[in-house]
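input-v1.pdb follows; it contains PDB, C-alpha atoms.
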ATOM      1  CA  MET A   4       0.000   0.000   0.000
ATOM      2  CA  SER A   5       2.752   2.436   0.887
ATOM      3  CA  LYS A   6       4.155   1.976  -2.615
ATOM      4  CA  GLY A   7       0.750   2.790  -4.091
ATOM      5  CA  HIS A   8       0.091  -0.607  -5.616
ATOM      6  CA  GLY A   9      -3.440  -0.800  -4.236
ATOM      7  CA  PHE A  10      -5.457  -3.565  -2.662
ATOM      8  CA  PRO A  11      -4.123  -7.128  -3.105
ATOM      9  CA  PRO A  12      -7.075  -9.456  -3.610
ATOM     10  CA  TYR A  13      -6.637 -13.024  -2.434
ATOM     11  CA  GLY A  14      -7.040 -14.907  -5.683
ATOM     12  CA  MET A  15      -9.964 -14.291  -7.958
ATOM     13  CA  VAL A  16     -12.465 -16.968  -7.112
ATOM     14  CA  SER A  17     -15.883 -15.582  -7.872
ATOM     15  CA  SER A  18     -19.015 -17.323  -8.995
ATOM     16  CA  PHE A  19     -20.274 -14.260 -10.814
ATOM     17  CA  ARG A  20     -17.618 -14.000 -13.504
ATOM     18  CA  PRO A  21     -18.725 -14.366 -17.134
ATOM     19  CA  PRO A  22     -16.413 -15.800 -19.845
ATOM     20  CA  LYS A  23     -15.147 -12.491 -21.248
ATOM     21  CA  HIS A  24     -14.304 -11.333 -17.766
ATOM     22  CA  PHE A  25     -12.083 -14.355 -17.248
ATOM     23  CA  GLU A  26     -10.234 -13.489 -20.453
ATOM     24  CA  ARG A  27      -9.699  -9.859 -19.431
ATOM     25  CA  GLY A  28      -9.329 -10.040 -15.667
ATOM     26  CA  VAL A  29     -10.585  -7.453 -13.194
ATOM     27  CA  GLY A  30     -10.089  -3.989 -14.612
ATOM     28  CA  ILE A  31     -11.328  -0.446 -15.105
ATOM     29  CA  GLY A  32     -15.055   0.001 -14.573
ATOM     30  CA  ASP A  33     -15.742  -3.231 -12.728
ATOM     31  CA  VAL A  34     -18.247  -2.934  -9.890
ATOM     32  CA  GLY A  35     -18.483  -5.360  -7.006
ATOM     33  CA  PHE A  36     -17.265  -5.745  -3.477
ATOM     34  CA  ILE A  37     -14.356  -7.275  -1.632
ATOM     35  CA  SER A  38     -15.454 -10.327   0.285
ATOM     36  CA  GLY A  39     -14.299 -11.375   3.700
ATOM     37  CA  SER A  40     -11.949 -13.898   2.154
ATOM     38  CA  GLY A  41     -10.300 -11.097   0.199
ATOM     39  CA  THR A  42     -11.634 -11.861  -3.257
ATOM     40  CA  PHE A  43     -13.205  -9.234  -5.480
ATOM     41  CA  GLN A  44     -16.797 -10.286  -6.172
ATOM     42  CA  TYR A  45     -17.462  -8.951  -9.663
ATOM     43  CA  HIS A  46     -20.987  -8.124 -10.842
ATOM     44  CA  PHE A  47     -20.923  -5.730 -13.795
ATOM     45  CA  ASN A  48     -18.845  -3.215 -15.711
ATOM     46  CA  ILE A  49     -20.003   0.359 -16.196
ATOM     47  CA  PHE A  50     -18.330   0.748 -19.593
ATOM     48  CA  HIS A  51     -20.184  -2.140 -21.225
ATOM     49  CA  ALA A  52     -23.669  -1.926 -22.713
ATOM     50  CA  ARG A  53     -26.517  -3.733 -21.006
ATOM     51  CA  ASP A  54     -26.755  -6.269 -23.838
ATOM     52  CA  ASP A  55     -22.990  -6.854 -24.117
ATOM     53  CA  ALA A  56     -23.220 -10.583 -23.551
ATOM     54  CA  GLY A  57     -20.530 -12.311 -21.578
ATOM     55  CA  THR A  58     -19.189  -9.214 -19.884
ATOM     56  CA  HIS A  59     -21.622  -8.694 -17.008
ATOM     57  CA  GLY A  60     -22.729 -11.024 -14.250
ATOM     58  CA  PRO A  61     -26.028 -12.891 -14.570
ATOM     59  CA  ASP A  62     -28.127  -9.882 -13.490
ATOM     60  CA  LEU A  63     -27.928  -6.127 -13.789
ATOM     61  CA  PRO A  64     -29.430  -3.252 -11.792
ATOM     62  CA  ARG A  65     -32.886  -2.326 -13.097
ATOM     63  CA  ASN A  66     -31.813   1.127 -14.226
ATOM     64  CA  PHE A  67     -28.365   0.167 -15.444
ATOM     65  CA  LYS A  68     -26.912   2.102 -18.330
ATOM     66  CA  PRO A  69     -23.240   2.378 -19.177
ATOM     67  CA  VAL A  70     -21.269   5.484 -18.446
ATOM     68  CA  GLU A  71     -20.504   7.784 -21.352
ATOM     69  CA  PRO A  72     -18.359   8.282 -23.312
ATOM     70  CA  PRO A  73     -16.900   4.816 -24.035
ATOM     71  CA  LEU A  74     -13.699   3.873 -22.259
ATOM     72  CA  SER A  75     -11.640   4.502 -25.401
ATOM     73  CA  GLU A  76     -12.365   8.222 -25.018
ATOM     74  CA  TRP A  77     -11.199   8.420 -21.386
ATOM     75  CA  LYS A  78      -7.671   9.178 -20.292
ATOM     76  CA  THR A  79      -5.997   5.976 -19.254
ATOM     77  CA  SER A  80      -2.501   4.803 -18.479
ATOM     78  CA  VAL A  81      -1.386   1.361 -19.663
ATOM     79  CA  ILE A  82       2.068   0.130 -18.675
ATOM     80  CA  PRO A  83       2.974  -3.344 -19.946
ATOM     81  CA  LYS A  84       5.323  -5.169 -17.587
ATOM     82  CA  TYR A  85       5.055  -2.508 -14.912
ATOM     83  CA  PHE A  86       6.276  -5.311 -12.677
ATOM     84  CA  LYS A  87       9.285  -6.867 -14.400
ATOM     85  CA  LYS A  88       9.833 -10.584 -14.686
ATOM     86  CA  ASN A  89      10.700 -12.357 -11.456
ATOM     87  CA  THR A  90       9.505  -9.541  -9.252
ATOM     88  CA  ILE A  91       8.952 -10.346  -5.603
ATOM     89  CA  VAL A  92       6.585  -8.128  -3.659
ATOM     90  CA  ARG A  93       6.922  -8.731   0.067
ATOM     91  CA  SER A  94       5.651  -6.970   3.115
ATOM     92  CA  ASN A  95       7.982  -5.341   5.605
ATOM     93  CA  GLY A  96      10.043  -7.556   7.831
ATOM     94  CA  ILE A  97      10.389 -10.547   5.500
ATOM     95  CA  ASP A  98      13.902 -11.619   4.522
ATOM     96  CA  VAL A  99      14.617 -13.664   1.420
ATOM     97  CA  THR A 100      17.642 -15.877   0.809
ATOM     98  CA  ARG A 101      18.755 -18.554  -1.585
ATOM     99  CA  PRO A 102      19.565 -21.648   0.454
ATOM    100  CA  SER A 103      22.862 -23.350  -0.209
ATOM    101  CA  GLY A 104      22.521 -26.248  -2.580
ATOM    102  CA  ASP A 105      20.365 -24.305  -4.994
ATOM    103  CA  ASP A 106      21.795 -25.248  -8.372
ATOM    104  CA  SER A 107      20.047 -22.691 -10.534
TER     105      SER A 107
ATOM    106  CA  MET B 240      -7.108 -11.644   2.851
ATOM    107  CA  SER B 241      -6.401 -12.383   6.465
ATOM    108  CA  SER B 242      -4.966  -8.948   7.028
ATOM    109  CA  SER B 243      -1.756  -9.475   5.146
ATOM    110  CA  CYS B 244      -1.564  -5.940   3.796
ATOM    111  CA  THR B 245       1.277  -4.424   5.646
ATOM    112  CA  SER B 246       3.234  -1.693   3.961
ATOM    113  CA  VAL B 247       4.791  -3.163   0.880
ATOM    114  CA  SER B 248       8.282  -2.947  -0.474
ATOM    115  CA  THR B 249       9.117  -4.170  -3.929
ATOM    116  CA  THR B 250      12.345  -5.915  -4.766
ATOM    117  CA  LEU B 251      13.525  -7.167  -8.106
ATOM    118  CA  ILE B 252      15.399 -10.386  -7.579
ATOM    119  CA  LYS B 253      16.575 -12.969 -10.036
ATOM    120  CA  LEU B 254      14.584 -16.026  -9.098
ATOM    121  CA  SER B 255      16.493 -19.153  -8.429
ATOM    122  CA  ARG B 256      14.880 -22.524  -8.126
ATOM    123  CA  VAL B 257      14.595 -22.197  -4.400
ATOM    124  CA  LEU B 258      13.916 -19.082  -2.348
ATOM    125  CA  GLU B 259      13.623 -19.109   1.389
ATOM    126  CA  PHE B 260      11.655 -16.480   3.252
ATOM    127  CA  SER B 261      11.893 -15.846   6.965
ATOM    128  CA  SER B 262      10.276 -13.287   9.206
ATOM    129  CA  PHE B 263       9.665 -12.401  12.832
ATOM    130  CA  ALA B 264       6.805 -10.102  11.817
ATOM    131  CA  ARG B 265       3.343 -10.783  13.268
ATOM    132  CA  GLU B 266       1.927 -11.128   9.789
ATOM    133  CA  GLY B 267       3.058 -10.713   6.238
ATOM    134  CA  ALA B 268       2.712 -11.728   2.620
ATOM    135  CA  VAL B 269       4.855 -12.505  -0.396
ATOM    136  CA  LEU B 270       3.748 -12.248  -4.010
ATOM    137  CA  ILE B 271       5.960 -13.698  -6.750
ATOM    138  CA  LEU B 272       5.428 -12.624 -10.363
ATOM    139  CA  PRO B 273       7.565 -14.879 -12.599
ATOM    140  CA  ASP B 274       6.402 -13.148 -15.800
ATOM    141  CA  GLY B 275       5.802  -9.716 -14.278
ATOM    142  CA  ALA B 276       2.472  -7.880 -14.403
ATOM    143  CA  ASP B 277       0.811  -5.217 -16.557
ATOM    144  CA  ARG B 278      -0.707  -2.052 -15.103
ATOM    145  CA  GLU B 279      -3.701  -0.033 -16.267
ATOM    146  CA  ASP B 280      -5.342   2.977 -14.659
ATOM    147  CA  LEU B 281      -8.107   5.413 -15.386
ATOM    148  CA  LEU B 282      -6.603   8.884 -15.058
ATOM    149  CA  ASP B 283      -9.665  11.126 -14.858
ATOM    150  CA  VAL B 284     -11.422   9.197 -12.099
ATOM    151  CA  GLU B 285     -13.271  12.219 -10.775
ATOM    152  CA  LYS B 286     -15.312  12.363 -13.982
ATOM    153  CA  LEU B 287     -16.960   9.124 -12.860
ATOM    154  CA  TYR B 288     -18.355  10.626  -9.667
ATOM    155  CA  PRO B 289     -21.560  12.206 -11.114
ATOM    156  CA  TYR B 290     -22.421   8.929 -12.852
ATOM    157  CA  VAL B 291     -21.836   6.870  -9.717
ATOM    158  CA  ARG B 292     -23.783   9.382  -7.633
ATOM    159  CA  GLU B 293     -26.718   9.044 -10.031
ATOM    160  CA  HIS B 294     -26.748   5.237  -9.909
ATOM    161  CA  ALA B 295     -25.514   4.430  -6.404
ATOM    162  CA  SER B 296     -28.965   3.985  -4.871
ATOM    163  CA  ASP B 297     -30.113   1.648  -7.650
ATOM    164  CA  TRP B 298     -26.912  -0.382  -7.317
ATOM    165  CA  TYR B 299     -27.240  -0.824  -3.569
ATOM    166  CA  GLN B 300     -30.873  -1.846  -4.028
ATOM    167  CA  PHE B 301     -29.758  -4.327  -6.710
ATOM    168  CA  PHE B 302     -27.079  -5.834  -4.502
ATOM    169  CA  ASN B 303     -29.722  -6.191  -1.777
ATOM    170  CA  ALA B 304     -32.128  -7.854  -4.237
ATOM    171  CA  TYR B 305     -34.580  -4.925  -4.192
ATOM    172  CA  SER B 306     -35.897  -6.501  -1.026
ATOM    173  CA  ASP B 307     -37.968  -4.856   1.688
ATOM    174  CA  ILE B 308     -36.501  -7.218   4.236
ATOM    175  CA  PRO B 309     -32.778  -7.608   4.907
ATOM    176  CA  LEU B 310     -31.058 -10.489   3.177
ATOM    177  CA  GLY B 311     -29.190 -13.156   5.046
ATOM    178  CA  GLN B 312     -26.053 -11.867   3.344
ATOM    179  CA  PRO B 313     -26.713  -8.161   2.883
ATOM    180  CA  THR B 314     -24.527  -5.736   0.999
ATOM    181  CA  VAL B 315     -23.670  -3.135   3.601
ATOM    182  CA  ASN B 316     -23.520   0.585   2.921
ATOM    183  CA  GLY B 317     -20.029   1.687   1.931
ATOM    184  CA  THR B 318     -18.821  -1.666   0.628
ATOM    185  CA  LEU B 319     -19.530  -1.376  -3.107
ATOM    186  CA  PHE B 320     -16.365  -0.713  -5.037
ATOM    187  CA  VAL B 321     -15.617   0.706  -8.494
ATOM    188  CA  VAL B 322     -12.325  -0.456  -9.955
ATOM    189  CA  THR B 323     -10.310   2.332 -11.600
ATOM    190  CA  GLY B 324      -7.045   0.466 -12.066
ATOM    191  CA  SER B 325      -5.423  -2.926 -11.714
ATOM    192  CA  ASP B 326      -2.177  -4.848 -12.092
ATOM    193  CA  ARG B 327      -2.728  -8.147 -13.891
ATOM    194  CA  ALA B 328      -0.587 -11.245 -14.205
ATOM    195  CA  LYS B 329      -1.231 -14.660 -15.692
ATOM    196  CA  VAL B 330       1.269 -16.380 -13.431
ATOM    197  CA  TRP B 331       1.642 -15.621  -9.759
ATOM    198  CA  SER B 332       2.265 -17.273  -6.439
ATOM    199  CA  LEU B 333       1.090 -15.898  -3.111
ATOM    200  CA  ALA B 334       1.979 -16.825   0.443
ATOM    201  CA  GLN B 335       0.796 -15.143   3.605
ATOM    202  CA  PHE B 336       0.865 -15.711   7.309
ATOM    203  CA  PRO B 337      -1.819 -14.131   9.472
ATOM    204  CA  SER B 338      -1.149 -12.877  12.978
ATOM    205  CA  SER B 339      -3.160 -15.708  14.520
ATOM    206  CA  ASN B 340      -0.432 -18.206  13.655
ATOM    207  CA  SER B 341       2.878 -16.411  14.034
ATOM    208  CA  GLN B 342       4.886 -16.827  17.223
ATOM    209  CA  PRO B 343       7.066 -14.171  18.869
ATOM    210  CA  ASP B 344       9.782 -16.647  19.830
ATOM    211  CA  ARG B 345      10.344 -18.309  16.477
ATOM    212  CA  PRO B 346      10.422 -17.041  12.900
ATOM    213  CA  THR B 347       7.948 -17.859  10.204
ATOM    214  CA  ILE B 348       9.882 -19.701   7.515
ATOM    215  CA  PHE B 349       8.737 -20.941   4.147
ATOM    216  CA  ARG B 350      10.212 -21.695   0.760
ATOM    217  CA  PHE B 351       9.285 -21.156  -2.859
ATOM    218  CA  GLU B 352      10.478 -23.995  -5.045
ATOM    219  CA  GLN B 353      10.134 -24.577  -8.744
ATOM    220  CA  PRO B 354      11.916 -27.648 -10.064
ATOM    221  CA  ALA B 355      12.685 -27.438 -13.775
ATOM    222  CA  GLY B 356       9.644 -28.268 -15.873
ATOM    223  CA  GLN B 357       7.375 -28.577 -12.877
ATOM    224  CA  PRO B 358       4.813 -26.233 -11.331
ATOM    225  CA  PRO B 359       5.945 -24.048  -8.437
ATOM    226  CA  GLU B 360       5.163 -24.937  -4.881
ATOM    227  CA  TRP B 361       5.350 -23.373  -1.461
ATOM    228  CA  VAL B 362       7.106 -25.493   1.112
ATOM    229  CA  GLU B 363       6.017 -24.802   4.668
ATOM    230  CA  ILE B 364       8.603 -24.881   7.388
ATOM    231  CA  THR B 365       6.049 -23.132   9.551
ATOM    232  CA  TRP B 366       2.373 -22.788   8.648
ATOM    233  CA  ILE B 367       1.371 -20.371   5.885
ATOM    234  CA  GLU B 368      -1.614 -19.802   3.622
ATOM    235  CA  LYS B 369      -0.515 -20.403   0.056
ATOM    236  CA  LEU B 370      -1.991 -20.028  -3.392
ATOM    237  CA  HIS B 371      -0.763 -20.283  -6.964
ATOM    238  CA  SER B 372      -2.426 -19.002 -10.119
ATOM    239  CA  THR B 373      -2.623 -22.622 -11.234
ATOM    240  CA  ASP B 374      -4.852 -23.358  -8.240
ATOM    241  CA  THR B 375      -7.567 -20.921  -9.304
ATOM    242  CA  SER B 376     -10.281 -20.733 -11.907
ATOM    243  CA  SER B 377      -8.299 -17.899 -13.530
ATOM    244  CA  ASP B 378      -5.439 -20.209 -14.467
ATOM    245  CA  GLY B 379      -4.046 -19.115 -17.832
ATOM    246  CA  ASN B 380      -5.997 -15.847 -17.826
ATOM    247  CA  PRO B 381      -4.965 -12.445 -16.515
ATOM    248  CA  CYS B 382      -5.635 -12.115 -12.819
ATOM    249  CA  ALA B 383      -5.597  -8.877 -10.857
ATOM    250  CA  VAL B 384      -2.889  -8.929  -8.207
ATOM    251  CA  PHE B 385      -3.516  -5.329  -7.145
ATOM    252  CA  LEU B 386      -6.702  -3.278  -7.422
ATOM    253  CA  ARG B 387      -7.226   0.453  -7.236
ATOM    254  CA  GLY B 388     -10.557   2.219  -7.090
ATOM    255  CA  PHE B 389     -13.045   3.763  -4.719
ATOM    256  CA  ALA B 390     -15.884   2.660  -2.485
ATOM    257  CA  PHE B 391     -19.044   4.708  -2.270
ATOM    258  CA  SER B 392     -21.948   4.947   0.145
ATOM    259  CA  LEU B 393     -25.461   6.362   0.456
ATOM    260  CA  ASN B 394     -26.606   8.899   2.991
ATOM    261  CA  ASP B 395     -29.110   7.682   5.557
ATOM    262  CA  SER B 396     -32.169   9.063   3.813
ATOM    263  CA  SER B 397     -31.231   7.522   0.466
ATOM    264  CA  TRP B 398     -30.643   4.176   2.115
ATOM    265  CA  ALA B 399     -33.933   4.310   4.022
ATOM    266  CA  HIS B 400     -35.816   5.268   0.875
ATOM    267  CA  GLY B 401     -35.239   2.005  -0.935
ATOM    268  CA  ILE B 402     -33.296  -0.498   1.148
ATOM    269  CA  ALA B 403     -34.165  -2.414   4.289
ATOM    270  CA  THR B 404     -32.306  -1.561   7.449
ATOM    271  CA  ILE B 405     -29.676  -4.193   8.104
ATOM    272  CA  PRO B 406     -29.883  -5.622  11.645
ATOM    273  CA  ARG B 407     -26.742  -5.145  13.671
ATOM    274  CA  ASP B 408     -26.086  -8.861  13.983
ATOM    275  CA  LEU B 409     -26.054  -9.210  10.202
ATOM    276  CA  ILE B 410     -23.474  -6.505   9.659
ATOM    277  CA  PRO B 411     -20.190  -8.144   8.735
ATOM    278  CA  PHE B 412     -17.005  -6.967  10.309
ATOM    279  CA  TYR B 413     -13.299  -7.116   9.670
ATOM    280  CA  HIS B 414     -10.293  -7.636  11.822
ATOM    281  CA  ILE B 415      -8.117  -4.590  11.223
ATOM    282  CA  PRO B 416      -4.588  -5.586  10.218
ATOM    283  CA  SER B 417      -2.186  -5.934  13.103
ATOM    284  CA  VAL B 418      -0.179  -2.896  14.139
ATOM    285  CA  PRO B 419       2.722  -2.974  14.570
ATOM    286  CA  VAL B 420       3.776  -6.065  12.637
ATOM    287  CA  HIS B 421       7.302  -6.364  13.983
ATOM    288  CA  GLY B 422       9.394  -5.185  16.902
ATOM    289  CA  TRP B 423       8.968  -5.547  20.657
ATOM    290  CA  ARG B 424       5.441  -4.168  20.707
ATOM    291  CA  ALA B 425       4.384  -6.784  18.174
ATOM    292  CA  ASP B 426       5.964  -9.506  20.313
ATOM    293  CA  LEU B 427       4.205  -8.173  23.406
ATOM    294  CA  GLU B 428       0.861  -8.247  21.632
ATOM    295  CA  ARG B 429       1.390 -11.856  20.660
ATOM    296  CA  TYR B 430       2.311 -12.896  24.202
ATOM    297  CA  MET B 431      -0.777 -11.098  25.512
ATOM    298  CA  ARG B 432      -3.001 -12.766  22.952
ATOM    299  CA  ARG B 433      -1.723 -16.155  23.986
ATOM    300  CA  TYR B 434      -3.111 -15.655  27.506
ATOM    301  CA  ARG B 435      -6.116 -13.503  26.692
ATOM    302  CA  LYS B 436      -9.561 -14.985  27.317
ATOM    303  CA  PRO B 437     -11.867 -15.173  24.310
ATOM    304  CA  GLN B 438     -14.359 -12.331  24.231
ATOM    305  CA  SER B 439     -17.941 -13.264  25.019
ATOM    306  CA  ASP B 440     -19.212 -11.213  22.125
ATOM    307  CA  ASP B 441     -16.755 -12.747  19.684
ATOM    308  CA  LEU B 442     -18.345 -12.439  16.250
ATOM    309  CA  THR B 443     -16.190 -14.936  14.404
ATOM    310  CA  GLY B 444     -18.117 -17.247  12.176
ATOM    311  CA  LEU B 445     -20.149 -14.680  10.292
ATOM    312  CA  TRP B 446     -20.282 -15.264   6.576
ATOM    313  CA  GLN B 447     -18.335 -12.195   5.596
ATOM    314  CA  HIS B 448     -15.983  -9.682   7.102
ATOM    315  CA  LEU B 449     -16.104  -6.110   6.010
ATOM    316  CA  PHE B 450     -12.882  -5.245   4.249
ATOM    317  CA  LEU B 451     -12.118  -1.912   2.692
ATOM    318  CA  PRO B 452      -8.838  -0.515   1.454
ATOM    319  CA  SER B 453      -9.483   2.466   3.691
ATOM    320  CA  LEU B 454      -8.890   0.159   6.641
ATOM    321  CA  VAL B 455      -5.490  -0.695   5.262
ATOM    322  CA  LEU B 456      -4.777   2.999   4.820
ATOM    323  CA  LEU B 457      -5.706   3.356   8.458
ATOM    324  CA  GLN B 458      -3.103   0.749   9.307
ATOM    325  CA  VAL B 459      -0.448   2.626   7.339
ATOM    326  CA  LEU B 460      -1.343   5.859   9.118
ATOM    327  CA  LEU B 461      -1.135   4.106  12.465
ATOM    328  CA  GLU B 462       2.319   2.860  11.541
ATOM    329  CA  LEU B 463       3.380   6.417  10.720
ATOM    330  CA  VAL B 464       2.334   7.766  14.116
ATOM    331  CA  ARG B 465       3.977   5.005  16.148
TER     332      ARG B 465
END

Written as structure tokens, that's how I'd like the structure from this file.
Amino acid sequence: MSKGHGFPPYGMVSSFRPPKHFERGVGIGDVGFISGSGTFQYHFNIFHARDDAGTHGPDLPRNFKPVEPPLSEWKTSVIPKYFKKNTIVRSNGIDVTRPSGDDS
Amino acid sequence: MSSSCTSVSTTLIKLSRVLEFSSFAREGAVLILPDGADREDLLDVEKLYPYVREHASDWYQFFNAYSDIPLGQPTVNGTLFVVTGSDRAKVWSLAQFPSSNSQPDRPTIFRFEQPAGQPPEWVEITWIEKLHSTDTSSDGNPCAVFLRGFAFSLNDSSWAHGIATIPRDLIPFYHIPSVPVHGWRADLERYMRRYRKPQSDDLTGLWQHLFLPSLVLLQVLLELVR
């Protein structure tokens, strides 16, 4: 948190996720809540149309309509490989070593 | 999440086949990203606020099934969350140790091992909670390892207008992350907990614990004023 990474969900096990959401992963515009077990419980995305099949959960709010304009017209920042390969993120007070005998 | 969100430091280390982690902290977590992770963020978040304000009441009613009576698992005011950014990885491994299991007089030790051509595994020297991307339904797909966004709530009159009042005993709760996580005060807390009687109004066992990033921010602020 102090580095500004955000909330670390514990896995992504959610019964509400439609196929396209699995392919994309949790991202901008998703609405849900964080469960007691630390997972994000996804329900719908505010940038997708009501009839955009496979993107929302099984139900939508009665008065749902997507936000305008479409996401492509909003200012976003996309940084591929923001975390480089073999990054270790660890909380304070954890030491890491390579035990002797490691042959890599 | 088991309150593993202590302040985070990031280190880039060349992974070998075996890594050993040790800690005297009360609680902690390690996330390994073998292939790294991509980041995306919405920059003009504040432009979302009027839209969310317009729809918030309908959304809370939806999450509470438009019911006049409280659900067995209600969605409590202030818990709905709009994601405005995330870091996603297809391959990740997570280990964490909650404060309930760490001991002040011995370190928490665990290893990350990945034999050539085989899936990674966490090896417990002392008990940890462990999870790999291959263990989840997201295996092979991008999975958010960090989320950014905002929670929103209704004022009392808006809530009362369309949503049943949630009885106190149905309101979930959350154990605030331990503070401090290491040092003599952390050790003292653990010794005290060992001999402390269970509280008569212990609420453990409810279906869900309230968890908001703001609570983690609270923990960070508490650390700063130690």

Next item on the list: With a cut-off of 6 Å and counting only C-alpha atoms, select all residues of chain A in contact with chain B and give the selection as a ChimeraX atom specification.
Entry: /A:4-5,9-11,13,26,28-36,39-41,64,78-94,96-101,107

Item checked: Coordinates-based distance that separates atom CA of Thr42 of chain A from atom CA of Pro406 of chain B (Å, one decimal) ->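 Between atom CA of Pro406 of chain B and atom CA of Thr42 of chain A the gap is 24.4 Å.
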
Check: atom CA of Gln44 of chain A and atom CA of Asp62 of chain A, how far apart in Å?
Finding: 13.5 Å

Note to self: What's the separation between atom CA of Ala425 of chain B and atom CA of Pro12 of chain A, in Å to one decimal place?
What the structure shows: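 Straight-line distance from atom CA of Ala425 of chain B to atom CA of Pro12 of chain A works out to 24.8 Å.
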
Note to self: Neighbouring residues of Ala403 of chain B were defined as those with any atom within 9 Å, considering all atoms listed in the file; residues of the same chain fewer than 4 positions away were excluded. Please report them as a list in words.
What the structure shows: Gln300, Asn303, Tyr305, Ser306, Asp307, Ile308, Pro309, Leu310, Trp398 and Ala399 of chain B

Margin query: Residue by residue, what does the PyMOL selection byres ((chain A and resi 22) around 10) grab here? Present the result as a PyMOL selection string.
Written below: chain A and resi 19-21+23-27+56-60

With C-alpha atoms retained, export the selected residues as a short mmCIF file (atom, residue, chain, number, x, y, z; two decimals), keeping the file's coordinate frame.
data_model
loop_
_atom_site.label_atom_id
_atom_site.label_comp_id
_atom_site.auth_asym_id
_atom_site.auth_seq_id
_atom_site.Cartn_x
_atom_site.Cartn_y
_atom_site.Cartn_z
CA PHE A 19 -20.27 -14.26 -10.81
CA ARG A 20 -17.62 -14.00 -13.50
CA PRO A 21 -18.73 -14.37 -17.13
CA LYS A 23 -15.15 -12.49 -21.25
CA HIS A 24 -14.30 -11.33 -17.77
CA PHE A 25 -12.08 -14.36 -17.25
CA GLU A 26 -10.23 -13.49 -20.45
CA ARG A 27 -9.70 -9.86 -19.43
CA ALA A 56 -23.22 -10.58 -23.55
CA GLY A 57 -20.53 -12.31 -21.58
CA THR A 58 -19.19 -9.21 -19.88
CA HIS A 59 -21.62 -8.69 -17.01
CA GLY A 60 -22.73 -11.02 -14.25
#

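When all atoms listed in the file are used to measure the gap to Pro419 of chain B, the shortest distance among A:Ile49, A:His8, A:Pro61, A:Asn95 belongs to A:Asn95.
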
Please write out, as AutoDock Vina command-line options, where the centre of an axis-aligned box around all listed atoms of segment 84-93 of chain A lies and how long its edges are, in Å to one decimal, after adding 5 Å on each side.
--center_x 7.9 --center_y -7.4 --center_z -8.8 --size_x 15.6 --size_y 19.8 --size_z 27.7
